[in-house]
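This is protein23.txt (compact mmCIF, C-alpha atoms).
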```
# COMPACT_ATOMS: atom_id res chain seq x y z
CA MET G 131 -36.26 56.80 -82.96
CA SER G 132 -33.04 56.53 -81.01
CA SER G 133 -34.92 55.21 -77.98
CA ALA G 134 -36.41 52.44 -80.11
CA ASN G 135 -32.95 51.23 -81.02
CA ARG G 136 -31.55 50.95 -77.54
CA SER G 137 -32.27 47.84 -75.51
CA LYS G 138 -34.97 48.20 -72.91
CA SER G 139 -34.78 47.74 -69.14
CA THR G 140 -36.18 44.76 -67.26
CA LEU G 141 -38.89 47.02 -65.87
CA TYR G 142 -40.01 47.81 -69.42
CA TYR G 143 -40.46 44.11 -70.18
CA PHE G 144 -42.27 43.56 -66.90
CA PHE G 145 -44.83 46.23 -67.80
CA MET G 146 -45.11 44.95 -71.36
CA PHE G 147 -45.91 41.51 -69.90
CA LEU G 148 -48.77 42.90 -67.80
CA PHE G 149 -49.99 45.24 -70.51
CA ALA G 150 -50.12 42.48 -73.12
CA ILE G 151 -52.26 40.30 -70.83
CA LEU G 152 -54.68 43.06 -69.82
CA LEU G 153 -55.10 44.31 -73.39
CA GLN G 154 -55.83 40.79 -74.58
CA VAL G 155 -58.29 39.79 -71.89
CA PHE G 156 -60.22 43.02 -71.49
CA VAL G 157 -60.28 44.42 -75.00
CA LEU G 158 -59.24 42.11 -77.82
CA ASP G 159 -61.00 38.96 -76.56
CA HIS G 160 -64.27 40.78 -77.19
CA VAL G 161 -63.43 41.52 -80.81
CA GLN G 162 -65.00 39.07 -83.23
CA VAL G 163 -67.09 38.84 -86.38
CA ASN G 164 -69.26 35.71 -86.23
CA GLY G 165 -66.63 33.95 -84.17
CA MET G 166 -63.89 34.94 -86.63
CA PHE G 167 -61.15 37.58 -86.68
CA THR G 168 -60.27 37.51 -83.00
CA PRO G 169 -56.82 39.08 -82.60
CA THR G 170 -54.37 37.36 -80.26
CA ILE G 171 -52.01 40.18 -79.44
CA TYR G 172 -50.42 39.06 -76.16
CA ILE G 173 -47.79 37.10 -78.11
CA VAL G 174 -46.22 40.42 -79.08
CA PHE G 175 -44.37 40.09 -75.77
CA VAL G 176 -42.53 37.00 -77.04
CA LEU G 177 -41.80 38.73 -80.36
CA ILE G 178 -40.09 41.73 -78.74
CA LEU G 179 -37.96 39.90 -76.17
CA PRO G 180 -34.31 40.85 -76.81
CA ILE G 181 -32.21 38.82 -79.22
CA GLU G 182 -29.64 37.93 -76.57
CA ILE G 183 -32.13 36.34 -74.12
CA SER G 184 -31.29 32.74 -73.15
CA GLY G 185 -33.42 29.92 -74.51
CA ALA G 186 -34.48 28.79 -71.06
CA ALA G 187 -35.61 32.28 -70.00
CA LEU G 188 -37.50 32.70 -73.28
CA LEU G 189 -39.39 29.42 -72.79
CA LEU G 190 -40.20 30.05 -69.13
CA LEU G 191 -41.45 33.60 -69.75
CA SER G 192 -43.59 32.41 -72.66
CA PHE G 193 -45.05 29.63 -70.54
CA LEU G 194 -45.91 32.10 -67.76
CA LEU G 195 -47.53 34.44 -70.27
CA GLY G 196 -49.66 31.67 -71.79
CA LEU G 197 -50.65 30.34 -68.39
CA SER G 198 -51.76 33.81 -67.23
CA ILE G 199 -54.06 34.09 -70.24
CA ASP G 200 -55.34 30.57 -69.51
CA VAL G 201 -56.24 31.47 -65.93
CA LEU G 202 -58.19 34.53 -67.06
CA SER G 203 -60.06 32.80 -69.88
CA TYR G 204 -60.68 29.35 -68.29
CA THR G 205 -58.64 27.43 -70.86
CA PRO G 206 -56.16 25.42 -68.74
CA GLY G 207 -53.03 24.63 -70.76
CA LEU G 208 -54.27 25.88 -74.13
CA HIS G 209 -52.49 29.23 -74.49
CA ALA G 210 -49.50 27.97 -72.50
CA LEU G 211 -48.97 25.18 -75.02
CA ALA G 212 -49.32 27.41 -78.10
CA THR G 213 -47.03 30.09 -76.69
CA VAL G 214 -44.29 27.66 -75.62
CA VAL G 215 -44.28 25.99 -79.05
CA MET G 216 -44.02 29.41 -80.70
CA ALA G 217 -41.19 30.49 -78.37
CA PHE G 218 -39.27 27.28 -79.11
CA ALA G 219 -39.68 27.92 -82.83
CA ARG G 220 -38.26 31.43 -82.33
CA ILE G 221 -34.92 29.99 -81.18
CA SER G 222 -34.20 28.49 -84.60
CA LEU G 223 -36.37 30.87 -86.62
CA LEU G 224 -34.40 34.02 -85.79
CA PRO G 225 -31.03 32.78 -87.09
CA ALA G 226 -32.74 31.34 -90.16
CA LEU G 227 -34.32 34.69 -91.00
CA SER G 228 -31.12 36.59 -90.30
CA PRO G 229 -31.20 39.94 -92.12
CA LYS G 230 -28.34 41.27 -94.32
CA GLY G 231 -26.53 43.14 -91.60
CA GLU G 232 -26.94 40.34 -88.99
CA TYR G 233 -28.67 41.01 -85.66
CA GLU G 234 -27.00 43.51 -83.42
CA SER G 235 -27.14 42.79 -79.74
CA GLY G 236 -29.08 45.57 -78.06
CA ASN G 237 -31.28 46.33 -81.05
CA THR G 238 -34.99 45.70 -80.61
CA LEU G 239 -36.54 43.20 -83.01
CA SER G 240 -38.61 45.75 -84.92
CA SER G 241 -39.38 46.73 -88.50
CA GLY G 242 -37.51 49.98 -87.85
CA ASN G 243 -34.26 48.13 -87.28
CA TYR G 244 -34.44 45.30 -89.82
CA GLY G 245 -37.01 46.42 -92.40
CA TRP G 246 -40.62 45.55 -93.19
CA GLY G 247 -39.86 42.46 -95.28
CA TRP G 248 -37.96 40.91 -92.42
CA TYR G 249 -40.57 41.91 -89.82
CA LEU G 250 -43.53 40.49 -91.75
CA LYS G 251 -41.70 37.20 -92.33
CA TYR G 252 -40.69 36.94 -88.67
CA SER G 253 -43.99 37.90 -87.09
CA GLY G 254 -46.06 36.14 -89.77
CA LEU G 255 -44.38 32.77 -89.23
CA MET G 256 -44.53 33.12 -85.46
CA VAL G 257 -48.24 34.02 -85.52
CA ILE G 258 -49.09 31.14 -87.87
CA ILE G 259 -47.27 28.62 -85.64
CA HIS G 260 -48.99 29.97 -82.52
CA HIS G 261 -52.47 30.12 -84.04
CA PHE G 262 -52.17 26.66 -85.60
CA VAL G 263 -51.44 25.06 -82.24
CA LEU G 264 -54.02 27.26 -80.48
CA TYR G 265 -57.00 26.61 -82.74
CA PHE G 266 -56.41 22.92 -83.31
CA ALA G 267 -55.62 22.18 -79.69
CA GLU G 268 -58.80 24.06 -78.79
CA SER G 269 -61.04 22.00 -81.05
CA PHE G 270 -59.13 18.93 -79.83
CA SER G 271 -59.65 17.09 -83.08
CA PHE G 272 -59.56 17.54 -86.83
CA ASN G 273 -63.36 17.45 -87.06
CA HIS G 274 -64.68 20.55 -88.82
CA PHE G 275 -61.16 20.94 -90.24
CA THR G 276 -62.08 23.65 -92.76
CA PHE G 277 -64.02 25.65 -90.21
CA THR G 278 -61.18 25.57 -87.70
CA LEU G 279 -58.69 26.43 -90.45
CA LEU G 280 -60.85 29.36 -91.54
CA GLN G 281 -61.15 30.54 -87.95
CA MET G 282 -57.38 30.25 -87.57
CA LEU G 283 -56.58 32.13 -90.78
CA SER G 284 -59.01 34.93 -89.93
CA GLY G 285 -57.29 35.11 -86.53
CA VAL G 286 -53.89 35.36 -88.23
CA VAL G 287 -55.14 38.26 -90.37
CA ALA G 288 -56.53 40.11 -87.33
CA THR G 289 -53.39 39.55 -85.25
CA MET G 290 -51.05 40.63 -88.05
CA LEU G 291 -53.10 43.78 -88.57
CA ILE G 292 -52.58 44.80 -84.95
CA LEU G 293 -48.91 43.79 -84.99
CA VAL G 294 -48.33 46.05 -88.00
CA LEU G 295 -50.15 48.86 -86.17
CA THR G 296 -47.76 48.51 -83.20
CA GLN G 297 -44.85 48.95 -85.61
CA VAL G 298 -46.34 51.93 -87.43
CA SER G 299 -47.21 53.71 -84.20
CA LYS G 300 -43.56 53.64 -83.11
CA LYS G 301 -42.46 55.85 -85.97
CA MET Y 181 -22.02 11.02 -64.53
CA LYS Y 182 -20.03 13.97 -65.80
CA VAL Y 183 -21.01 13.04 -69.34
CA LEU Y 184 -24.67 12.88 -68.36
CA ILE Y 185 -24.55 16.33 -66.78
CA GLN Y 186 -22.79 17.72 -69.82
CA PHE Y 187 -25.40 16.10 -72.04
CA ILE Y 188 -28.27 17.55 -70.02
CA TYR Y 189 -26.62 20.96 -69.99
CA ARG Y 190 -26.06 20.90 -73.72
CA PHE Y 191 -29.69 20.14 -74.44
CA HIS Y 192 -31.26 21.93 -71.47
CA VAL Y 193 -33.38 24.18 -73.69
CA GLN Y 194 -34.81 21.19 -75.55
CA PHE Y 195 -35.50 19.38 -72.28
CA LEU Y 196 -37.17 22.43 -70.80
CA PHE Y 197 -39.29 22.72 -73.93
CA LEU Y 198 -40.43 19.10 -73.65
CA VAL Y 199 -41.25 19.49 -69.96
CA LEU Y 200 -43.31 22.64 -70.56
CA VAL Y 201 -45.15 21.11 -73.53
CA ALA Y 202 -45.89 17.96 -71.51
CA PHE Y 203 -47.16 20.04 -68.62
CA SER Y 204 -49.51 22.22 -70.68
CA THR Y 205 -50.75 19.24 -72.70
CA GLY Y 206 -51.38 17.47 -69.41
CA LEU Y 207 -53.49 20.38 -68.19
CA LEU Y 208 -55.35 20.53 -71.49
CA VAL Y 209 -56.16 16.82 -71.63
CA HIS Y 210 -56.96 16.59 -67.96
CA TYR Y 211 -59.54 19.34 -68.02
CA ASN Y 212 -60.94 18.32 -71.36
CA HIS Y 213 -61.57 14.69 -70.57
CA TYR Y 214 -62.54 14.87 -66.94
CA GLN Y 215 -64.94 17.59 -66.13
CA ARG Y 216 -63.38 18.35 -62.81
CA ALA Y 217 -64.25 21.56 -61.13
CA THR Y 218 -61.03 22.22 -59.19
CA PHE Y 219 -59.45 24.56 -61.73
CA PHE Y 220 -62.63 26.57 -61.89
CA ASN Y 221 -63.11 26.74 -58.15
CA VAL Y 222 -59.61 28.04 -57.57
CA TYR Y 223 -59.44 30.45 -60.46
CA SER Y 224 -62.98 31.78 -60.55
CA ASN Y 225 -61.94 33.86 -57.54
CA ALA Y 226 -58.85 35.42 -59.13
CA SER Y 227 -60.49 35.87 -62.49
CA GLY Y 228 -63.85 36.84 -61.00
CA SER Y 229 -62.62 39.88 -59.13
CA LEU Y 230 -60.87 41.21 -62.25
CA ARG Y 231 -64.01 40.60 -64.30
CA ALA Y 232 -66.13 42.39 -61.70
CA MET Y 233 -63.95 45.49 -62.17
CA GLU Y 234 -64.42 45.29 -65.91
CA TYR Y 235 -68.14 44.79 -65.47
CA SER Y 236 -68.52 47.87 -63.29
CA VAL Y 237 -67.35 49.96 -66.25
CA VAL Y 238 -69.01 48.13 -69.12
CA SER Y 239 -72.40 47.63 -67.43
CA TYR Y 240 -73.43 51.26 -68.03
CA PHE Y 241 -73.53 50.66 -71.74
CA GLN Y 242 -75.97 47.78 -71.37
CA LEU Y 243 -78.63 49.47 -69.26
CA LYS Y 244 -81.15 49.96 -72.03
CA LYS Y 245 -81.08 46.36 -73.22
CA LEU Y 246 -81.08 45.20 -69.64
CA ASN Y 247 -84.24 47.19 -68.91
CA ASN Y 248 -86.08 45.63 -71.83
CA GLN Y 249 -85.07 42.17 -70.74
CA LEU Y 250 -86.34 42.82 -67.22
CA ILE Y 251 -89.67 44.23 -68.41
CA THR Y 252 -90.26 41.16 -70.54
CA GLU Y 253 -89.43 38.86 -67.69
CA ASN Y 254 -91.62 40.82 -65.26
CA THR Y 255 -94.65 40.48 -67.49
CA TYR Y 256 -94.02 36.81 -67.92
CA LEU Y 257 -93.74 36.28 -64.19
CA LYS Y 258 -96.88 38.27 -63.41
CA ASN Y 259 -98.84 36.17 -65.86
CA ASN Y 260 -97.64 33.01 -64.22
CA LEU Y 261 -98.21 34.22 -60.69
CA LEU Y 262 -101.97 34.35 -61.24
CA ASN Y 263 -102.18 30.60 -61.67
CA LYS Y 264 -99.66 29.56 -59.11
CA ASP Y 265 -100.56 31.18 -55.82
CA GLY Y 266 -101.92 27.94 -54.42
CA LYS Y 267 -105.53 29.15 -54.20
CA ASP Y 268 -108.49 27.87 -56.12
CA TRP Y 269 -110.88 30.21 -57.96
CA MET Y 270 -112.82 31.02 -54.80
CA GLY Y 271 -109.70 31.98 -52.88
CA VAL Y 272 -109.55 28.83 -50.74
CA VAL Y 273 -105.99 27.78 -50.00
CA LEU Y 274 -105.26 24.29 -51.34
CA HIS Y 275 -102.78 22.02 -49.61
CA ASP Y 276 -101.41 20.16 -52.55
CA SER Y 277 -97.98 18.58 -52.57
CA LEU Y 278 -97.62 19.75 -56.17
CA GLN Y 279 -97.57 23.30 -54.91
CA GLN Y 280 -94.48 22.68 -52.84
CA ASN Y 281 -91.56 24.61 -54.18
CA GLU Y 282 -89.18 22.08 -55.63
CA TYR Y 283 -86.82 24.80 -56.72
CA THR Y 284 -85.76 28.09 -55.26
CA PHE Y 285 -84.47 30.74 -57.63
CA ILE Y 286 -81.55 33.11 -57.23
CA ASP Y 287 -80.90 35.90 -59.72
CA ALA Y 288 -77.38 36.78 -60.82
CA ARG Y 289 -75.65 39.03 -63.31
CA VAL Y 290 -73.33 37.97 -66.08
CA ILE Y 291 -69.96 39.66 -65.65
CA ASN Y 292 -68.07 37.85 -68.39
CA LEU Y 293 -68.87 35.55 -71.27
CA SER Y 294 -67.51 34.35 -74.58
CA THR Y 295 -69.38 32.93 -77.58
CA HIS Y 296 -66.69 32.40 -80.21
CA LYS Y 297 -64.61 29.68 -78.56
CA LYS Y 298 -65.17 25.92 -78.57
CA LEU Y 299 -65.22 25.91 -74.78
CA ASN Y 300 -67.15 29.00 -73.79
CA TYR Y 301 -67.71 29.95 -70.18
CA ILE Y 302 -69.84 32.50 -68.32
CA THR Y 303 -68.86 34.18 -65.05
CA LEU Y 304 -71.61 35.24 -62.62
CA ASN Y 305 -71.34 37.89 -59.89
CA LYS Y 306 -72.62 35.55 -57.16
CA GLY Y 307 -71.00 32.58 -55.48
CA ARG Y 308 -71.16 30.21 -52.54
CA LYS Y 309 -72.02 33.07 -50.14
CA ASP Y 310 -75.24 33.65 -52.07
CA GLY Y 311 -76.18 29.97 -52.05
CA LEU Y 312 -74.83 28.98 -55.47
CA ASP Y 313 -73.14 25.63 -55.88
CA VAL Y 314 -71.73 23.30 -58.51
CA GLY Y 315 -74.39 21.48 -60.52
CA MET Y 316 -77.16 24.09 -60.28
CA SER Y 317 -78.86 25.10 -63.51
CA VAL Y 318 -78.84 28.58 -65.01
CA SER Y 319 -81.47 30.01 -67.33
CA SER Y 320 -82.41 33.40 -68.73
CA SER Y 321 -85.83 34.92 -69.45
CA GLU Y 322 -85.43 33.47 -72.96
CA GLY Y 323 -84.43 29.92 -72.09
CA VAL Y 324 -81.69 27.54 -71.08
CA VAL Y 325 -78.20 28.92 -70.33
CA GLY Y 326 -76.15 26.18 -68.67
CA ILE Y 327 -74.94 24.49 -65.50
CA ILE Y 328 -72.59 25.84 -62.81
CA LYS Y 329 -69.21 24.18 -63.04
CA GLY Y 330 -67.25 25.98 -60.34
CA VAL Y 331 -67.89 28.36 -57.43
CA SER Y 332 -65.77 30.50 -55.16
CA ALA Y 333 -67.05 32.64 -52.29
CA ASN Y 334 -68.25 35.47 -54.53
CA TYR Y 335 -68.27 34.16 -58.10
CA ALA Y 336 -69.48 31.23 -60.15
CA VAL Y 337 -68.40 29.84 -63.52
CA VAL Y 338 -71.13 28.41 -65.77
CA LEU Y 339 -70.68 25.75 -68.44
CA PRO Y 340 -73.18 27.08 -71.02
CA ALA Y 341 -75.11 25.13 -73.67
CA ILE Y 342 -72.63 26.62 -76.17
CA ASN Y 343 -69.66 24.72 -74.75
CA MET Y 344 -68.69 21.49 -76.50
CA GLN Y 345 -68.56 19.70 -73.12
CA SER Y 346 -72.14 20.60 -72.27
CA ARG Y 347 -74.82 17.85 -72.28
CA ILE Y 348 -78.43 18.73 -71.53
CA SER Y 349 -81.26 16.22 -71.36
CA THR Y 350 -84.23 17.46 -73.43
CA LYS Y 351 -87.67 16.46 -74.66
CA ILE Y 352 -89.48 17.50 -77.81
CA ASP Y 353 -92.67 19.39 -76.99
CA THR Y 354 -95.46 17.01 -76.03
CA THR Y 355 -94.32 14.13 -78.21
CA GLY Y 356 -92.49 12.27 -75.47
CA TYR Y 357 -89.29 11.91 -77.49
CA PHE Y 358 -86.07 12.52 -75.60
CA GLY Y 359 -82.68 13.64 -76.81
CA THR Y 360 -79.38 15.03 -75.62
CA LEU Y 361 -78.42 18.57 -76.53
CA ARG Y 362 -74.77 18.84 -77.50
CA TRP Y 363 -73.07 21.81 -79.16
CA ASN Y 364 -70.74 21.26 -82.13
CA GLY Y 365 -68.63 24.37 -81.61
CA LEU Y 366 -69.68 26.24 -84.74
CA ASN Y 367 -72.47 28.77 -84.26
CA HIS Y 368 -73.71 30.15 -80.94
CA HIS Y 369 -77.29 30.43 -82.23
CA LYS Y 370 -77.52 26.74 -83.14
CA SER Y 371 -77.04 23.42 -81.37
CA LYS Y 372 -77.63 19.74 -82.09
CA LEU Y 373 -80.02 17.20 -80.64
CA TYR Y 374 -78.83 13.59 -80.49
CA GLY Y 375 -80.55 10.30 -79.79
CA VAL Y 376 -83.94 10.82 -81.49
CA GLU Y 377 -84.82 7.78 -83.61
CA GLN Y 378 -85.82 8.10 -87.25
CA ASN Y 379 -89.32 6.78 -86.71
CA ALA Y 380 -90.07 9.68 -84.38
CA ASN Y 381 -92.94 11.86 -85.51
CA ILE Y 382 -91.40 15.32 -85.27
CA HIS Y 383 -91.47 18.39 -87.47
CA LEU Y 384 -89.75 21.73 -87.98
CA GLY Y 385 -90.55 24.51 -85.53
CA GLN Y 386 -91.43 22.24 -82.62
CA LYS Y 387 -90.24 23.52 -79.27
CA VAL Y 388 -87.67 21.64 -77.24
CA TYR Y 389 -87.68 21.72 -73.42
CA THR Y 390 -85.53 20.40 -70.58
CA THR Y 391 -86.68 17.11 -69.03
CA GLY Y 392 -85.77 17.91 -65.45
CA TYR Y 393 -83.81 14.68 -65.11
CA GLY Y 394 -80.68 14.92 -63.01
CA ALA Y 395 -82.28 17.52 -60.74
CA SER Y 396 -80.30 20.42 -62.14
CA PHE Y 397 -82.76 21.95 -64.59
CA PRO Y 398 -86.42 22.26 -63.67
CA SER Y 399 -88.61 20.41 -66.13
CA GLY Y 400 -89.95 22.47 -69.05
CA VAL Y 401 -87.37 25.22 -69.47
CA LEU Y 402 -87.34 26.25 -73.14
CA VAL Y 403 -84.21 25.17 -75.02
CA GLY Y 404 -85.13 26.22 -78.57
CA ARG Y 405 -86.94 25.21 -81.73
CA ILE Y 406 -86.17 22.52 -84.27
CA SER Y 407 -84.68 24.28 -87.29
CA SER Y 408 -83.59 21.33 -89.42
CA ILE Y 409 -84.18 17.54 -89.50
CA LYS Y 410 -81.97 15.21 -91.52
CA PRO Y 411 -81.42 11.45 -91.32
CA ASP Y 412 -77.91 10.73 -90.02
CA GLU Y 413 -75.36 8.56 -91.83
CA GLU Y 414 -76.03 5.35 -89.92
CA GLY Y 415 -79.74 5.51 -90.65
CA LEU Y 416 -80.84 5.03 -87.07
CA PHE Y 417 -81.17 8.50 -85.66
CA TYR Y 418 -82.11 11.95 -86.87
CA ASP Y 419 -79.54 14.69 -87.23
CA ILE Y 420 -81.51 17.52 -85.63
CA GLU Y 421 -80.50 21.16 -85.47
CA ILE Y 422 -81.95 23.41 -82.77
CA ALA Y 423 -82.20 27.19 -82.96
CA LEU Y 424 -81.35 28.10 -79.37
CA ALA Y 425 -83.88 30.26 -77.52
CA THR Y 426 -81.21 32.15 -75.57
CA ASN Y 427 -79.21 34.79 -77.37
CA PHE Y 428 -75.87 34.39 -75.66
CA ARG Y 429 -74.50 37.60 -77.17
CA SER Y 430 -76.90 39.70 -75.13
CA LEU Y 431 -77.11 37.88 -71.85
CA TYR Y 432 -77.10 40.15 -68.80
CA VAL Y 433 -79.38 38.73 -66.14
CA VAL Y 434 -79.83 35.04 -65.36
CA THR Y 435 -81.72 32.91 -62.84
CA VAL Y 436 -80.07 30.09 -60.97
CA ALA Y 437 -82.36 27.24 -59.96
CA LYS Y 438 -81.52 25.46 -56.74
CA TYR Y 439 -83.19 22.10 -56.28
CA SER Y 440 -84.48 22.13 -52.72
CA ASN Y 441 -84.02 18.46 -51.93
CA ILE Y 442 -80.75 17.93 -53.76
CA GLU Y 443 -78.99 16.42 -50.73
CA GLU Y 444 -81.77 13.91 -50.25
CA VAL Y 445 -81.74 12.91 -53.92
CA LYS Y 446 -77.97 12.51 -53.95
CA GLU Y 447 -78.03 10.47 -50.77
CA ILE Y 448 -80.67 8.02 -51.96
CA GLU Y 449 -78.99 7.66 -55.35
CA GLN Y 450 -75.65 6.97 -53.71
CA ASN Y 451 -77.15 4.33 -51.44
CA GLU Y 452 -78.82 2.60 -54.38
CA PHE Y 453 -75.72 2.57 -56.53
CA SER Y 454 -73.34 1.42 -53.82
CA GLU Y 455 -75.36 -1.68 -52.98
```
Here is the file; what I need is its structure written in the form of structure tokens.
Amino acid sequence: MSSANRSKSTLYYFFMFLFAILLQVFVLDHVQVNGMFTPTIYIVFVLILPIEISGAALLLLSFLLGLSIDVLSYTPGLHALATVVMAFARISLLPALSPKGEYESGNTLSSGNYGWGWYLKYSGLMVIIHHFVLYFAESFSFNHFTFTLLQMLSGVVATMLILVLTQVSKK
Amino acid sequence: MKVLIQFIYRFHVQFLFLVLVAFSTGLLVHYNHYQRATFFNVYSNASGSLRAMEYSVVSYFQLKKLNNQLITENTYLKNNLLNKDGKDWMGVVLHDSLQQNEYTFIDARVINLSTHKKLNYITLNKGRKDGLDVGMSVSSSEGVVGIIKGVSANYAVVLPAINMQSRISTKIDTTGYFGTLRWNGLNHHKSKLYGVEQNANIHLGQKVYTTGYGASFPSGVLVGRISSIKPDEEGLFYDIEIALATNFRSLYVVTVAKYSNIEEVKEIEQNEFSE
């Protein structure tokens, strides 16, 4: 538990970056039920970046992450766009969701440090923003609005499920 | 000047955000509206080698299905061979221009594919080295798969019939009616046929084949069967749904058709159009 509280090294984030991409492309992209419930877990990297990271670094790292997924899944610009929008939202979202004891620099942004209520709000909003941009930019129009919305919501459910699992497994 | 620099510094995060959004939207729009192959040529190499590693592990689990597919195809080919060896019933060799091979076929394996996106793609384990090139058609033992959109030395990326950008010229059985097959992004077992007028005499269950126009698909490759016919809103055309012959979820082996005289066709078409 104590290790989860301390801030992580740059090397740790580098490996998380690679791991998130490989897990997404090789495992989770193949998960689906009739085209629904595909988890998009690579964004966990943006969620766990330390609280004290600069806005510019956050945006650039998110862009790189999205672009890497794009290259591997032949979707030029799609994931990059969704991830950058989500990262930009994080800049104002984190202060707005500020927990009782305020954020402590050096603490990881996890349910262990700030509680489940806070974590679900934080990750839930981030995932919804990301998936909204992703699914509607992918269909490139509002045709089949309900279908795309359904696909998006099922994706949100699947992603949240895995995000919660990452939190539980830490304990 | 100092004020400007201060201003830019103060809002540098917002500016960066706008630049990154503009850049990714640019990529998205560019590759959506213009079906250019550059992105796919460059990245099919990087992505292809990773996918080949994945395939070398996963392929073991598909061997049984793969075998069945090959047996079916073998039987089909043997049946066809009997009629197409260029000899008449007494064994005399006929010199008929119809017997000339318009297409040569190259087999390839699927090393990656998706079916649940709007823009699905398929990666093949062969590329330019094996004679594959952009524009060639890809089919399976079941039916139509798609058209090659990008190639690198060792890999190729296919734009399948279940990609919203795909357009395939088709004809309905022996009726002589033509239509364009275009996927609506919903279900990978179904697609839509556009451009068939409402006075057309068609019925459910009729088979739909490729026309062979455009020299990418050979004529007569099975696309699917008509599964629903409705008049469309404007009252001119039918809204036709096709049950696709190819099951994209279990696609392992495909055949790439290379039109033998493609250079000649392109050349003559270019000359005609430029005059």
May I have the residues of chain Y within 6 Å of chain G, counting all atoms listed in the file, written as number ranges by chain? Y: 193, 201, 204, 207-208, 227, 296
Check: So, counting only C-alpha atoms, which residue among Y:Thr354, Y:Gly315, Y:Phe203, Y:His383 is closest to Lys446 (chain Y)?
Finding: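 When distances to Lys446 (chain Y) are compared using only C-alpha atoms, the smallest one comes from Y:Gly315.
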Step by step: start from the point (-54.1, 39.1, -76.9) in the file's coordinates, keep every protein, DNA or RNA residue that has an atom no farther than 9 Å from it, count all atoms listed in the file, and write the set as a list in words.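 Those residues lying close to the given coordinates are Ala150, Ile151, Leu152, Leu153, Gln154, Val155, Val157, Leu158, Asp159, Thr168, Pro169, Thr170, Ile171, Tyr172, Ile173, Val174, Ile199 and Thr289 of chain G.
In this model, the gap between CA of Leu431 (chain Y) and CA of Thr252 (chain Y) comes to 13.6 Å.
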Find the distance between CA of Ile409 (chain Y) and CA of Lys370 (chain Y) and write it in Å to one decimal.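 CA of Ile409 (chain Y) sits 13.0 Å away from CA of Lys370 (chain Y).
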Counting all atoms listed in the file, closest pick from Y:Tyr283, Y:Tyr235, Y:Tyr240, Y:Phe195 relative to Ser396 (chain Y) is Y:Tyr283
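Protein and nucleic acid residues near (-79.0, 17.9, -77.2) are Ala341, Ser346, Arg347, Ile348, Ser349, Thr350, Lys351, Phe358, Gly359, Thr360, Leu361, Arg362, Trp363, Ser371, Lys372, Leu373, Tyr374, Gly375, Val376, Val388, Thr390, Val403, Ile420, Glu421 and Ile422 of chain Y, the criterion being any atom at most 10 Å away using all atoms listed in the file.
For the pair CA of Phe285 (chain Y) and CA of Arg429 (chain Y), the separation is 23.0 Å.
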